file protein-v5.txt (compact mmCIF, C-alpha atoms and all ligand atoms)
# COMPACT_ATOMS: atom_id res chain seq x y z
CA MET A 1 0.00 0.00 0.00
CA LYS A 2 1.30 3.50 -0.87
CA THR A 3 2.45 5.25 2.24
CA THR A 4 3.40 8.89 2.78
CA ILE A 5 6.05 10.29 5.08
CA SER A 6 5.38 13.99 5.79
CA HIS A 7 7.78 16.09 7.79
CA ILE A 8 6.56 19.58 8.65
CA LYS A 9 8.53 22.02 10.84
CA ALA A 10 8.20 25.53 12.19
CA ASP A 11 9.71 27.96 14.67
CA ILE A 12 6.78 29.02 16.84
CA GLY A 13 8.76 30.68 19.64
CA SER A 14 11.90 30.01 21.57
CA LEU A 15 13.65 30.35 24.89
CA PRO A 16 15.40 32.66 25.63
CA GLY A 17 16.39 34.09 22.20
CA HIS A 18 16.58 31.73 19.22
CA THR A 19 18.15 29.03 21.40
CA THR A 20 15.72 26.21 22.00
CA VAL A 21 12.05 25.24 22.12
CA PHE A 22 10.17 25.34 25.43
CA SER A 23 9.02 21.90 26.62
CA PRO A 24 5.39 22.93 27.48
CA VAL A 25 5.05 24.13 23.85
CA VAL A 26 6.33 20.79 22.54
CA LYS A 27 3.89 19.04 24.91
CA GLU A 28 0.97 21.13 23.64
CA VAL A 29 1.82 20.35 19.99
CA GLU A 30 2.18 16.65 20.83
CA GLU A 31 -1.16 16.58 22.66
CA TYR A 32 -2.87 18.36 19.78
CA VAL A 33 -1.56 15.85 17.24
CA LYS A 34 -2.43 12.92 19.50
CA LYS A 35 -5.99 14.16 19.98
CA HIS A 36 -6.70 15.03 16.33
CA SER A 37 -4.81 12.41 14.32
CA ALA A 38 -7.06 9.37 14.81
CA GLY A 39 -8.17 7.97 11.45
CA LEU A 40 -5.70 10.24 9.62
CA LEU A 41 -2.17 9.37 10.75
CA THR A 42 -0.97 5.83 11.32
CA ASP A 43 1.92 7.16 13.42
CA TYR A 44 3.86 10.35 14.18
CA HIS A 45 6.90 11.62 16.05
CA ILE A 46 7.45 15.09 17.52
CA SER A 47 10.98 16.39 18.03
CA SER A 48 12.91 19.66 18.04
CA VAL A 49 16.28 21.05 17.02
CA GLY A 50 17.31 24.47 18.30
CA ASP A 51 14.22 26.67 18.11
CA ASP A 52 12.45 24.56 15.48
CA LEU A 53 9.61 22.19 16.26
CA GLN A 54 9.43 19.14 14.01
CA ILE A 55 6.49 16.85 13.24
CA THR A 56 7.12 13.59 11.36
CA MET A 57 3.87 11.98 10.19
CA ILE A 58 3.02 8.65 8.54
CA HIS A 59 -0.25 8.28 6.60
CA HIS A 60 -1.93 7.06 3.40
CA GLU A 61 -3.31 10.40 2.20
CA GLY A 62 -0.51 11.16 -0.30
CA VAL A 63 1.62 14.32 -0.50
CA ASP A 64 -0.15 17.69 -0.32
CA SER A 65 -3.02 16.28 1.74
CA PRO A 66 -5.09 19.25 3.00
CA GLU A 67 -6.10 17.27 6.12
CA VAL A 68 -2.51 16.38 7.07
CA HIS A 69 -1.25 19.92 6.40
CA GLU A 70 -4.11 21.42 8.39
CA LEU A 71 -3.41 19.11 11.33
CA ALA A 72 0.21 20.32 11.44
CA TRP A 73 -0.85 23.95 11.01
CA ASN A 74 -3.41 23.74 13.82
CA ALA A 75 -0.92 21.94 16.08
CA PHE A 76 1.57 24.79 15.52
CA LYS A 77 -1.23 27.31 16.22
CA ALA A 78 -2.04 25.54 19.50
CA GLY A 79 1.65 25.56 20.47
CA THR A 80 1.88 29.26 19.57
CA GLU A 81 -0.86 30.07 22.07
CA VAL A 82 1.25 28.54 24.87
CA ALA A 83 4.34 30.34 23.52
CA LYS A 84 2.48 33.67 23.61
CA LYS A 85 1.15 33.09 27.10
CA VAL A 86 4.63 32.75 28.59
CA GLY A 87 6.09 35.41 26.30
CA LEU A 88 8.50 33.24 24.31
CA TYR A 89 10.66 35.11 21.87
CA GLY A 90 9.34 35.11 18.31
CA ALA A 91 6.05 33.36 19.27
CA GLY A 92 4.43 32.20 16.03
CA GLN A 93 7.50 33.39 14.07
CA ASP A 94 7.10 31.06 11.08
CA LEU A 95 3.29 31.14 10.84
CA LEU A 96 3.19 33.88 8.24
CA LYS A 97 -0.52 33.67 7.37
CA ASP A 98 -3.58 34.00 9.61
CA ALA A 99 -5.88 31.30 8.30
CA PHE A 100 -5.18 27.89 6.77
CA SER A 101 -6.18 27.71 3.11
CA GLY A 102 -5.84 24.12 1.91
CA ASN A 103 -2.07 23.68 1.68
CA ILE A 104 0.63 24.60 4.17
CA LYS A 105 3.08 25.46 1.34
CA GLY A 106 3.86 29.16 1.23
CA MET A 107 2.48 29.72 4.74
CA GLY A 108 5.84 29.67 6.56
CA PRO A 109 6.49 26.15 7.88
CA GLY A 110 9.01 23.92 6.03
CA ILE A 111 7.61 20.80 4.34
CA ALA A 112 9.34 17.64 3.11
CA GLU A 113 7.08 14.78 2.10
CA MET A 114 7.23 11.75 -0.14
CA ASP A 115 5.00 8.93 -1.29
CA ILE A 116 6.78 5.61 -0.95
CA THR A 117 6.28 1.96 -1.76
CA PRO A 118 7.38 0.55 1.61
CA ARG A 119 9.96 -2.22 1.49
CA LYS A 120 9.93 -5.28 3.77
CA SER A 121 12.10 -3.20 6.08
CA GLU A 122 11.81 0.56 5.48
CA PRO A 123 14.63 2.32 7.32
CA PHE A 124 15.01 6.11 6.93
CA ILE A 125 16.72 9.05 8.61
CA VAL A 126 15.20 12.47 9.28
CA TYR A 127 17.88 15.17 9.26
CA MET A 128 16.99 18.49 10.91
CA MET A 129 19.14 21.63 10.84
CA ASP A 130 18.95 24.95 12.68
CA LYS A 131 20.54 28.33 11.81
CA THR A 132 20.99 27.58 8.15
CA GLU A 133 19.10 27.39 4.83
CA PRO A 134 17.77 24.65 2.49
CA GLY A 135 20.92 24.78 0.29
CA ALA A 136 22.88 23.44 3.29
CA PHE A 137 21.63 19.98 2.24
CA ASN A 138 23.13 20.25 -1.28
CA LEU A 139 26.59 19.07 -0.31
CA PRO A 140 25.67 16.17 2.02
CA ILE A 141 22.88 14.88 -0.28
CA TYR A 142 25.32 14.99 -3.20
CA LYS A 143 27.90 13.10 -1.14
CA MET A 144 25.39 10.43 -0.09
CA PHE A 145 23.94 9.75 -3.55
CA ALA A 146 26.72 10.73 -5.99
CA ASP A 147 30.17 10.67 -4.38
CA PRO A 148 31.83 7.22 -4.28
CA PHE A 149 34.47 8.49 -1.86
CA ASN A 150 31.63 9.01 0.63
CA THR A 151 29.39 6.15 -0.51
CA PRO A 152 31.36 3.13 -1.75
CA GLY A 153 28.03 1.39 -2.42
CA LEU A 154 27.92 3.43 -5.65
CA VAL A 155 30.93 1.41 -6.78
CA ILE A 156 30.43 -1.99 -5.18
CA ASP A 157 26.64 -2.51 -4.88
CA PRO A 158 25.08 -3.55 -8.23
CA ASN A 159 21.81 -1.90 -7.13
CA MET A 160 23.47 1.50 -6.71
CA HIS A 161 25.90 1.29 -9.58
CA GLU A 162 23.58 3.05 -12.05
CA GLY A 163 23.47 6.11 -9.80
CA PHE A 164 20.52 8.38 -8.94
CA ARG A 165 18.36 11.12 -10.45
CA PHE A 166 18.37 14.57 -8.85
CA GLU A 167 15.50 17.10 -8.98
CA ILE A 168 17.03 20.55 -8.53
CA TRP A 169 15.02 23.72 -7.91
CA ASP A 170 16.03 27.23 -8.85
CA ILE A 171 14.30 28.90 -5.92
CA GLN A 172 14.86 32.41 -7.23
CA GLU A 173 13.27 31.81 -10.64
CA ALA A 174 10.78 29.16 -9.41
CA LYS A 175 11.78 26.50 -11.96
CA LYS A 176 13.19 22.98 -11.71
CA ILE A 177 15.38 20.55 -13.66
CA GLU A 178 16.09 16.80 -13.42
CA LEU A 179 19.64 15.53 -13.94
CA SER A 180 21.19 12.13 -13.33
CA SER A 181 24.44 11.12 -11.73
CA PRO A 182 27.02 9.92 -12.74
CA GLU A 183 26.53 11.16 -16.33
CA ASN A 184 25.52 14.74 -15.41
CA GLN A 185 27.69 15.11 -12.31
CA TYR A 186 29.52 18.21 -13.50
CA ASP A 187 26.25 19.94 -14.46
CA ILE A 188 24.72 19.05 -11.11
CA LEU A 189 27.74 20.48 -9.30
CA ALA A 190 27.78 23.57 -11.54
CA MET A 191 24.39 24.44 -10.08
CA ILE A 192 24.23 23.16 -6.53
CA GLY A 193 27.50 24.81 -5.54
CA SER A 194 25.40 28.02 -5.63
CA LYS A 195 23.43 26.88 -2.63
CA GLY A 196 21.47 30.11 -2.10
CA ARG A 197 19.81 29.67 -5.48
CA TYR A 198 19.84 26.01 -6.60
CA VAL A 199 18.65 23.46 -4.08
CA VAL A 200 18.28 19.72 -4.32
CA LYS A 201 14.57 19.05 -3.73
CA ARG A 202 14.35 15.30 -4.36
CA VAL A 203 16.46 12.27 -5.25
CA TYR A 204 15.02 9.29 -7.17
CA THR A 205 16.32 5.83 -8.01
CA ARG A 206 16.84 5.08 -11.71
CA GLU A 207 14.21 3.12 -13.63
CA SER A 208 16.69 0.26 -13.89
CA HIS A 209 16.97 -0.08 -10.07
CA GLU A 210 16.24 -3.73 -9.40
CA LYS A 211 14.65 -3.43 -5.98
CA LEU A 212 13.01 -0.02 -6.08
CA PRO A 213 12.69 1.44 -9.61
CA ASP A 214 11.91 5.13 -10.10
CA GLU A 215 11.27 5.80 -6.41
CA ASN A 216 11.61 8.96 -4.41
CA VAL A 217 14.34 8.23 -1.85
CA ALA A 218 15.18 11.67 -0.45
CA VAL A 219 13.28 14.95 -0.06
CA ILE A 220 14.34 18.27 1.41
CA THR A 221 12.36 21.31 2.63
CA THR A 222 13.01 24.22 0.25
CA ASP A 223 10.71 26.87 1.67
CA LYS A 224 12.30 30.33 1.76
CA LEU A 225 10.59 32.56 4.31
CA SER A 226 12.12 35.74 2.93
CA LEU A 227 10.69 35.03 -0.53
CA ILE A 228 7.24 34.50 1.02
CA ALA A 229 7.28 37.43 3.41
CA GLY A 230 9.46 39.80 1.35
CA GLU A 231 11.66 40.51 4.36
CA TYR A 232 13.85 38.73 6.90
CA VAL A 233 11.72 36.68 9.29
CA GLY A 234 14.00 33.81 10.29
CA LYS A 235 16.09 31.62 8.08
CA ASP A 236 14.20 28.63 6.66
CA ASP A 237 16.04 26.10 8.83
CA PRO A 238 15.70 22.97 6.69
CA ALA A 239 14.94 19.27 7.21
CA ALA A 240 15.24 16.21 4.98
CA ILE A 241 13.98 12.64 4.83
CA VAL A 242 16.52 10.13 3.48
CA ARG A 243 15.64 6.45 2.89
CA ILE A 244 18.56 4.07 3.44
CA GLN A 245 19.89 0.53 2.84
CA SER A 246 19.06 -2.17 0.32
CA GLY A 247 20.15 -0.47 -2.89
CA LEU A 248 20.30 2.98 -1.25
CA PRO A 249 23.12 4.52 0.81
CA ALA A 250 23.73 2.52 3.99
CA SER A 251 22.91 4.23 7.27
CA GLY A 252 26.61 4.93 7.83
CA GLU A 253 27.15 6.19 4.27
CA SER A 254 24.33 8.66 4.81
CA LEU A 255 25.74 9.86 8.16
CA GLU A 256 29.29 9.99 6.78
CA ALA A 257 28.26 12.99 4.66
CA PHE A 258 28.25 15.04 7.90
CA SER A 259 31.62 13.86 9.22
CA HIS A 260 33.26 17.08 8.03
CA PRO A 261 31.73 20.35 9.29
CA PHE A 262 31.50 22.23 5.97
CA LEU A 263 30.43 25.89 5.92
CA VAL A 264 26.75 26.81 5.59
CA SER A 265 24.92 30.15 5.47
CA GLY A 266 22.30 31.44 7.88
CA TRP A 267 24.00 31.71 11.26
CA MET A 268 23.43 34.78 13.55
CA ARG A 269 20.62 37.02 12.23
CA GLY A 270 20.56 34.83 9.12
CA SER A 271 23.63 36.77 7.99
CA PHE A 272 26.74 34.68 8.66
CA ASN A 273 28.57 31.63 7.40
CA GLY A 274 29.56 28.96 9.91
CA PRO A 275 30.42 25.27 10.19
CA LEU A 276 27.60 22.72 10.35
CA MET A 277 28.10 20.76 13.58
CA PRO A 278 26.51 17.28 13.89
CA VAL A 279 25.01 16.84 17.39
CA GLY A 280 22.73 14.58 19.42
CA LEU A 281 19.38 15.87 20.68
CA ASN A 282 20.98 16.69 24.05
CA ASN A 283 23.17 19.28 22.37
CA ALA A 284 20.60 20.60 19.93
CA LYS A 285 20.46 24.07 21.44
CA MET A 286 21.88 27.17 19.81
CA THR A 287 24.21 29.06 22.13
CA ARG A 288 27.48 30.50 20.88
CA PHE A 289 26.74 33.39 18.50
CA ASP A 290 23.27 31.75 18.23
CA GLY A 291 24.87 28.58 16.97
CA PRO A 292 26.98 27.23 15.52
CA PRO A 293 24.59 25.81 12.89
CA ARG A 294 23.71 22.26 13.88
CA VAL A 295 22.29 19.08 12.38
CA VAL A 296 20.52 16.25 14.20
CA ALA A 297 19.78 12.84 12.65
CA LEU A 298 16.94 10.62 13.87
CA GLY A 299 16.85 7.05 12.53
CA PHE A 300 13.53 5.19 12.15
CA VAL A 301 12.19 1.96 10.74
CA LEU A 302 8.67 1.91 9.29
CA LYS A 303 6.44 -1.18 9.11
CA ASP A 304 2.70 -1.34 8.42
CA GLY A 305 2.36 2.38 9.04
CA LYS A 306 4.09 2.22 12.45
CA LEU A 307 7.43 3.75 13.41
CA SER A 308 10.12 2.13 15.54
CA GLY A 309 12.78 4.43 16.95
CA PRO A 310 14.13 7.00 16.76
CA VAL A 311 17.83 6.44 17.27
CA ASP A 312 19.71 9.69 17.95
CA MET A 313 22.43 9.00 15.36
CA PHE A 314 24.94 11.81 16.03
CA ASP A 315 24.87 11.17 19.80
CA ASP A 316 28.09 9.24 19.36
CA PRO A 317 31.80 9.90 20.07
CA ALA A 318 32.46 8.91 16.43
CA PHE A 319 31.38 12.48 15.59
CA ASP A 320 33.53 14.16 18.30
CA GLY A 321 36.19 14.90 15.67
CA ALA A 322 33.67 16.76 13.48
CA ARG A 323 32.46 18.70 16.52
CA ARG A 324 36.02 19.65 17.54
CA THR A 325 36.84 20.82 14.03
CA ALA A 326 33.59 22.82 13.97
CA ILE A 327 34.56 24.62 17.17
CA ASP A 328 38.05 25.38 15.79
CA VAL A 329 36.40 26.85 12.67
CA VAL A 330 34.08 28.91 14.89
CA ASP A 331 37.08 30.35 16.78
CA TYR A 332 38.76 31.18 13.50
CA LEU A 333 35.74 32.79 11.82
CA ARG A 334 34.49 34.76 14.82
CA ARG A 335 37.65 36.86 14.88
CA MET A 336 36.48 38.38 11.57
CA GLY A 337 33.51 40.08 13.28
CA PRO A 338 31.23 41.70 10.66
CA PHE A 339 33.55 41.06 7.70
CA GLU A 340 32.93 38.79 4.70
CA PRO A 341 33.28 35.88 4.19
CA HIS A 342 32.19 35.23 7.80
CA ARG A 343 29.34 37.67 7.09
CA LEU A 344 27.35 36.78 3.96
CA PRO A 345 28.08 38.66 0.72
CA ASP A 346 26.04 41.73 -0.21
CA SER A 347 23.73 39.85 -2.58
CA GLU A 348 22.55 37.59 0.24
CA MET A 349 22.12 40.42 2.77
CA GLU A 350 19.18 41.82 0.77
CA TYR A 351 16.59 40.27 3.07
CA THR A 352 18.35 41.15 6.33
CA THR A 353 18.22 44.41 8.24
CA LEU A 354 21.46 45.71 6.66
CA PRO A 355 19.79 47.55 3.71
CA LYS A 356 17.92 49.73 6.27
CA ILE A 357 21.28 50.92 7.65
CA LEU A 358 22.73 51.52 4.19
CA GLU A 359 19.64 53.54 3.19
CA THR A 360 20.30 56.09 5.93
CA LEU A 361 23.78 56.68 4.48
CA GLY A 362 22.46 57.33 0.94
CA PRO A 363 22.14 61.14 1.21
CA LYS A 364 25.67 61.47 2.57
CA PHE A 365 27.26 60.03 -0.58
CA VAL A 366 28.93 62.42 -3.08
CA LYS A 367 30.13 61.68 -6.58
CA ILE A 368 33.76 60.72 -7.21
CA GLU A 369 34.60 63.11 -10.04
CA ASP A 370 37.62 61.26 -11.39
CA ALA A 371 35.99 57.82 -11.19
CA PRO A 372 36.62 55.53 -14.19
CA LYS A 373 34.11 55.92 -17.04
CA LYS A 374 32.61 52.47 -16.55
CA ALA A 375 31.79 53.10 -12.89
CA LYS A 376 30.16 56.45 -13.77
CA LYS A 377 28.04 54.79 -16.45
CA LEU A 378 26.91 52.12 -14.00
CA ALA A 379 26.02 54.78 -11.43
CA GLU A 380 23.95 56.64 -14.08
CA SER A 381 22.09 53.48 -15.10
CA THR A 382 21.17 52.55 -11.53
CA LYS A 383 20.27 56.14 -10.52
CA ASP A 384 16.56 55.43 -10.73
CA PHE A 385 16.81 52.78 -8.07
CA ASP A 386 18.56 54.99 -5.50
P1 LIG B 401 22.43 -3.52 2.39
O1 LIG B 401 22.86 -3.59 0.97
O2 LIG B 401 21.71 -4.74 2.85
O3 LIG B 401 21.67 -2.27 2.68
O4 LIG B 401 23.76 -3.47 3.33
C1 LIG B 401 24.75 -2.57 3.08
C2 LIG B 401 25.78 -2.70 4.17
O5 LIG B 401 26.50 -3.67 4.27
C3 LIG B 401 25.92 -1.60 5.12
O6 LIG B 401 27.17 -1.52 5.70
P1 LIG B 402 15.99 31.24 13.53
O1 LIG B 402 15.85 31.34 12.03
O2 LIG B 402 16.42 29.89 13.96
O3 LIG B 402 14.75 31.72 14.22
O4 LIG B 402 17.18 32.17 13.96
C1 LIG B 402 17.10 33.52 13.81
C2 LIG B 402 18.42 34.21 13.96
O5 LIG B 402 18.77 34.98 13.14
C3 LIG B 402 19.25 33.92 15.14
O6 LIG B 402 20.42 34.67 15.19
MG MG B 403 13.84 31.59 15.96
MG MG B 404 15.50 28.02 13.82

call {"tool": "encode", "arguments": {"input": "protein-v5.txt", "output": "structure tokens"}}
result
Amino acid sequence: MKTTISHIKADIGSLPGHTTVFSPVVKEVEEYVKKHSAGLLTDYHISSVGDDLQITMIHHEGVDSPEVHELAWNAFKAGTEVAKKVGLYGAGQDLLKDAFSGNIKGMGPGIAEMDITPRKSEPFIVYMMDKTEPGAFNLPIYKMFADPFNTPGLVIDPNMHEGFRFEIWDIQEAKKIELSSPENQYDILAMIGSKGRYVVKRVYTRESHEKLPDENVAVITTDKLSLIAGEYVGKDDPAAIVRIQSGLPASGESLEAFSHPFLVSGWMRGSFNGPLMPVGLNNAKMTRFDGPPRVVALGFVLKDGKLSGPVDMFDDPAFDGARRTAIDVVDYLRRMGPFEPHRLPDSEMEYTTLPKILETLGPKFVKIEDAPKKAKKLAESTKDFD
């Protein structure tokens, strides 16, 4: 029977700044889902990473189910009421619209969902990040499904040897493209290295996959709050569902993609680059400089609509090295203060509060008379936008 895994997340208020969720809020959301999910969900799991509340749901309604989306929306609304009562910071932060209108897309929360044909054993991992953006998944998803130095299964497992198909979204132009690895690897990399614009949305098996042909095996939230709201309102902290084993990356191949704390965007005020630190749930709170950006991995097995788990995968000394390196990188970057490349480049600061500061300086600017011709021409042509 077709089954759907839906993961919906939102920041509905945190304690004390953007550090962590407040347990009575989590409890309220959990109670709401428990009370209203009978006959709709076959199972669910509520968790949190930093200031983001996360609902993983199992059902047979298919992706984009209005009932499932509304349940998550109303659960977040109920949690927001508790957050408001105790004065949590940013209560209801990601709920950008007042009333639910059939689909939670474009309303603020992040959504990753996929229809699957469950295997005899259906193991999967939910990855959840805070203080970063959807493009932060580009590198690890590429490593899991396309890099044989990370995933030797691509070389030695006949079921993986054909590679995988990537669905990549251009989130600035609202268009998408499908490309397959290994034959289009360089084209895939040409795009997804620009992680603020091109984001991996889904990964599929090839049609020739013996065990699971043409199946969705990974999905990532790609919702950009700034593009919905038109201004900075938090930073689209992403989540992903990744199916594993039996012709897909092994559990350890999937986790291995986070063994090096590569740089991601979206730290402090959504305006800084920092290392992505893999942590267990116990350390999923954002402290130093509101971070550093973190990722948690919860491992589940699904059978007949029911979940077993989760296992808190990064709660393991095997990732101490990655955490130590991350902290060294933090020490290094922090000494740069407000300078690039610790701070994001100009083009990505558009939706932060920086343009407001720069606007006040506008009238104080005077022309440089002996500026090169080209610069003068550019200044003339952009005059209307000043
Ligand atoms: P499967 O091919 O059964 O998923 O096992 C791969 C493996 O050996 C993991 O280390
Ligand atoms: P969140 O997007 O996690 O709410 O963080 C906001 C921020 O800018 C913290 O510095
Ligand atoms: Mg927040
Ligand atoms: Mg957050």

call {"tool": "residues_around", "arguments": {"input": "protein-v5.txt", "residues": "range 121-137 of chain A", "least_positions_apart": "4", "cutoff": "6 Å", "atoms": "only C-alpha atoms", "output": "VMD selection string"}}
result
chain A and resid 50 141 195 to 196 199 222 236 to 244 264 to 267 293 to 302

call {"tool": "residues_around", "arguments": {"input": "protein-v5.txt", "residues": "range 55-69 of chain A", "least_positions_apart": "2", "cutoff": "7 Å", "atoms": "only C-alpha atoms", "output": "list in words"}}
result
Lys2, Thr3, Thr4, Ile5, Ser6, His7, Ile8, Lys9, Leu40, Leu41, Thr42, Asp43, Tyr44, His45, Ile46, Ser47, Leu53, Leu71, Ala72, Trp73, Gly102, Asn103, Ile104, Glu113, Met114, Asp115 and Gly305 of chain A

call {"tool": "write_last_selection", "arguments": {"input": "protein-v5.txt", "atoms": "C-alpha atoms", "output": "PDB file, keeping the file's coordinate frame"}}
result
ATOM      1  CA  LYS A   2       1.300   3.500  -0.870  1.00  0.00           C
ATOM      2  CA  THR A   3       2.450   5.250   2.240  1.00  0.00           C
ATOM      3  CA  THR A   4       3.400   8.890   2.780  1.00  0.00           C
ATOM      4  CA  ILE A   5       6.050  10.290   5.080  1.00  0.00           C
ATOM      5  CA  SER A   6       5.380  13.990   5.790  1.00  0.00           C
ATOM      6  CA  HIS A   7       7.780  16.090   7.790  1.00  0.00           C
ATOM      7  CA  ILE A   8       6.560  19.580   8.650  1.00  0.00           C
ATOM      8  CA  LYS A   9       8.530  22.020  10.840  1.00  0.00           C
ATOM      9  CA  LEU A  40      -5.700  10.240   9.620  1.00  0.00           C
ATOM     10  CA  LEU A  41      -2.170   9.370  10.750  1.00  0.00           C
ATOM     11  CA  THR A  42      -0.970   5.830  11.320  1.00  0.00           C
ATOM     12  CA  ASP A  43       1.920   7.160  13.420  1.00  0.00           C
ATOM     13  CA  TYR A  44       3.860  10.350  14.180  1.00  0.00           C
ATOM     14  CA  HIS A  45       6.900  11.620  16.050  1.00  0.00           C
ATOM     15  CA  ILE A  46       7.450  15.090  17.520  1.00  0.00           C
ATOM     16  CA  SER A  47      10.980  16.390  18.030  1.00  0.00           C
ATOM     17  CA  LEU A  53       9.610  22.190  16.260  1.00  0.00           C
ATOM     18  CA  LEU A  71      -3.410  19.110  11.330  1.00  0.00           C
ATOM     19  CA  ALA A  72       0.210  20.320  11.440  1.00  0.00           C
ATOM     20  CA  TRP A  73      -0.850  23.950  11.010  1.00  0.00           C
ATOM     21  CA  GLY A 102      -5.840  24.120   1.910  1.00  0.00           C
ATOM     22  CA  ASN A 103      -2.070  23.680   1.680  1.00  0.00           C
ATOM     23  CA  ILE A 104       0.630  24.600   4.170  1.00  0.00           C
ATOM     24  CA  GLU A 113       7.080  14.780   2.100  1.00  0.00           C
ATOM     25  CA  MET A 114       7.230  11.750  -0.140  1.00  0.00           C
ATOM     26  CA  ASP A 115       5.000   8.930  -1.290  1.00  0.00           C
ATOM     27  CA  GLY A 305       2.360   2.380   9.040  1.00  0.00           C
TER      28      GLY A 305
END

call {"tool": "residues_around", "arguments": {"input": "protein-v5.txt", "residues": "range 322-338 of chain A", "least_positions_apart": "2", "cutoff": "6 Å", "atoms": "only C-alpha atoms", "output": "list in words"}}
result
Ser259, His260, Pro261, Pro275, Met277, Phe319, Asp320, His342 and Arg343 of chain A

call {"tool": "closest_residue", "arguments": {"input": "protein-v5.txt", "among": "A:Gly280, A:Pro363, A:Gly291, A:Pro24", "to": "ligand MG 404 (chain B)", "atoms": "all atoms listed in the file"}}
result
A:Gly291

call {"tool": "closest_residue", "arguments": {"input": "protein-v5.txt", "among": "A:Glu81, A:Glu28, A:Asp304, A:Asp11", "to": "ligand LIG 402 (chain B)", "atoms": "only C-alpha atoms and all ligand atoms"}}
result
A:Asp11

call {"tool": "closest_residue", "arguments": {"input": "protein-v5.txt", "among": "A:Gly90, A:Ser246, A:Met191, A:Gln172", "to": "Asn159 in chain A", "atoms": "only C-alpha atoms"}}
result
A:Ser246

call {"tool": "closest_atom_pairs", "arguments": {"input": "protein-v5.txt", "of": "chain A", "to": "ligand LIG 402 (chain B)", "cutoff": "6 Å", "atoms": "all atoms listed in the file", "output": "tab-separated table"}}
result
residue	atom	partner	partner_atom	distance
A:His18	CA	B:LIG402	O4	5.3
A:Asp51	CA	B:LIG402	O2	5.7
A:Asp130	CA	B:LIG402	O2	5.7
A:Lys131	CA	B:LIG402	O2	4.9
A:Gly234	CA	B:LIG402	O1	3.5
A:Lys235	CA	B:LIG402	O1	4.0
A:Met268	CA	B:LIG402	O6	3.4
A:Arg269	CA	B:LIG402	O5	2.9
A:Gly270	CA	B:LIG402	O5	4.4
A:Asp290	CA	B:LIG402	O6	5.1

call {"tool": "write_last_selection", "arguments": {"input": "protein-v5.txt", "atoms": "C-alpha atoms", "output": "compact mmCIF listing (two decimals), keeping the file's coordinate frame"}}
result
# COMPACT_ATOMS: atom_id res chain seq x y z
CA HIS A 18 16.58 31.73 19.22
CA ASP A 51 14.22 26.67 18.11
CA ASP A 130 18.95 24.95 12.68
CA LYS A 131 20.54 28.33 11.81
CA GLY A 234 14.00 33.81 10.29
CA LYS A 235 16.09 31.62 8.08
CA MET A 268 23.43 34.78 13.55
CA ARG A 269 20.62 37.02 12.23
CA GLY A 270 20.56 34.83 9.12
CA ASP A 290 23.27 31.75 18.23

call {"tool": "residues_near_ligand", "arguments": {"input": "protein-v5.txt", "ligand": "ligand LIG 401 (chain B)", "cutoff": "9 Å", "atoms": "only C-alpha atoms and all ligand atoms", "output": "short mmCIF file (atom, residue, chain, number, x, y, z; two decimals) with C-alpha atoms, in the frame of the given file"}}
result
data_model
loop_
_atom_site.label_atom_id
_atom_site.label_comp_id
_atom_site.auth_asym_id
_atom_site.auth_seq_id
_atom_site.Cartn_x
_atom_site.Cartn_y
_atom_site.Cartn_z
CA GLY A 153 28.03 1.39 -2.42
CA ASP A 157 26.64 -2.51 -4.88
CA ASN A 159 21.81 -1.90 -7.13
CA ILE A 244 18.56 4.07 3.44
CA GLN A 245 19.89 0.53 2.84
CA SER A 246 19.06 -2.17 0.32
CA GLY A 247 20.15 -0.47 -2.89
CA LEU A 248 20.30 2.98 -1.25
CA PRO A 249 23.12 4.52 0.81
CA ALA A 250 23.73 2.52 3.99
CA SER A 251 22.91 4.23 7.27
CA GLY A 252 26.61 4.93 7.83
CA GLU A 253 27.15 6.19 4.27
#

call {"tool": "closest_residue", "arguments": {"input": "protein-v5.txt", "among": "A:Ala257, A:Ala78, A:Leu95, A:Ile168", "to": "ligand MG 403 (chain B)", "atoms": "all atoms listed in the file"}}
result
A:Leu95

call {"tool": "residues_near_point", "arguments": {"input": "protein-v5.txt", "point": "(4.0, 26.3, 19.0)", "cutoff": "7 Å", "atoms": "all atoms listed in the file", "output": "ChimeraX atom specification"}}
result
/A:12-13,25-26,29,76-83,92

call {"tool": "write_last_selection", "arguments": {"input": "protein-v5.txt", "atoms": "C-alpha atoms", "output": "compact mmCIF listing (two decimals), in the frame of the given file"}}
result
# COMPACT_ATOMS: atom_id res chain seq x y z
CA ILE A 12 6.78 29.02 16.84
CA GLY A 13 8.76 30.68 19.64
CA VAL A 25 5.05 24.13 23.85
CA VAL A 26 6.33 20.79 22.54
CA VAL A 29 1.82 20.35 19.99
CA PHE A 76 1.57 24.79 15.52
CA LYS A 77 -1.23 27.31 16.22
CA ALA A 78 -2.04 25.54 19.50
CA GLY A 79 1.65 25.56 20.47
CA THR A 80 1.88 29.26 19.57
CA GLU A 81 -0.86 30.07 22.07
CA VAL A 82 1.25 28.54 24.87
CA ALA A 83 4.34 30.34 23.52
CA GLY A 92 4.43 32.20 16.03

call {"tool": "residues_around", "arguments": {"input": "protein-v5.txt", "residues": "Phe164 in chain A", "least_positions_apart": "6", "cutoff": "7 Å", "atoms": "all atoms listed in the file", "output": "list in words"}}
result
Phe145, Ser180, Ser181, Val203, Tyr204, Thr205 and Arg206 of chain A

call {"tool": "atom_distance", "arguments": {"input": "protein-v5.txt", "atom1": "CA of Lys105 in chain A", "atom2": "CA of Asn216 in chain A"}}
result
19.4 Å

call {"tool": "residues_around", "arguments": {"input": "protein-v5.txt", "residues": "Phe149 in chain A", "least_positions_apart": "6", "cutoff": "12 Å", "atoms": "all atoms listed in the file", "output": "PyMOL selection string"}}
result
chain A and resi 142-143+155-156+253+256-257
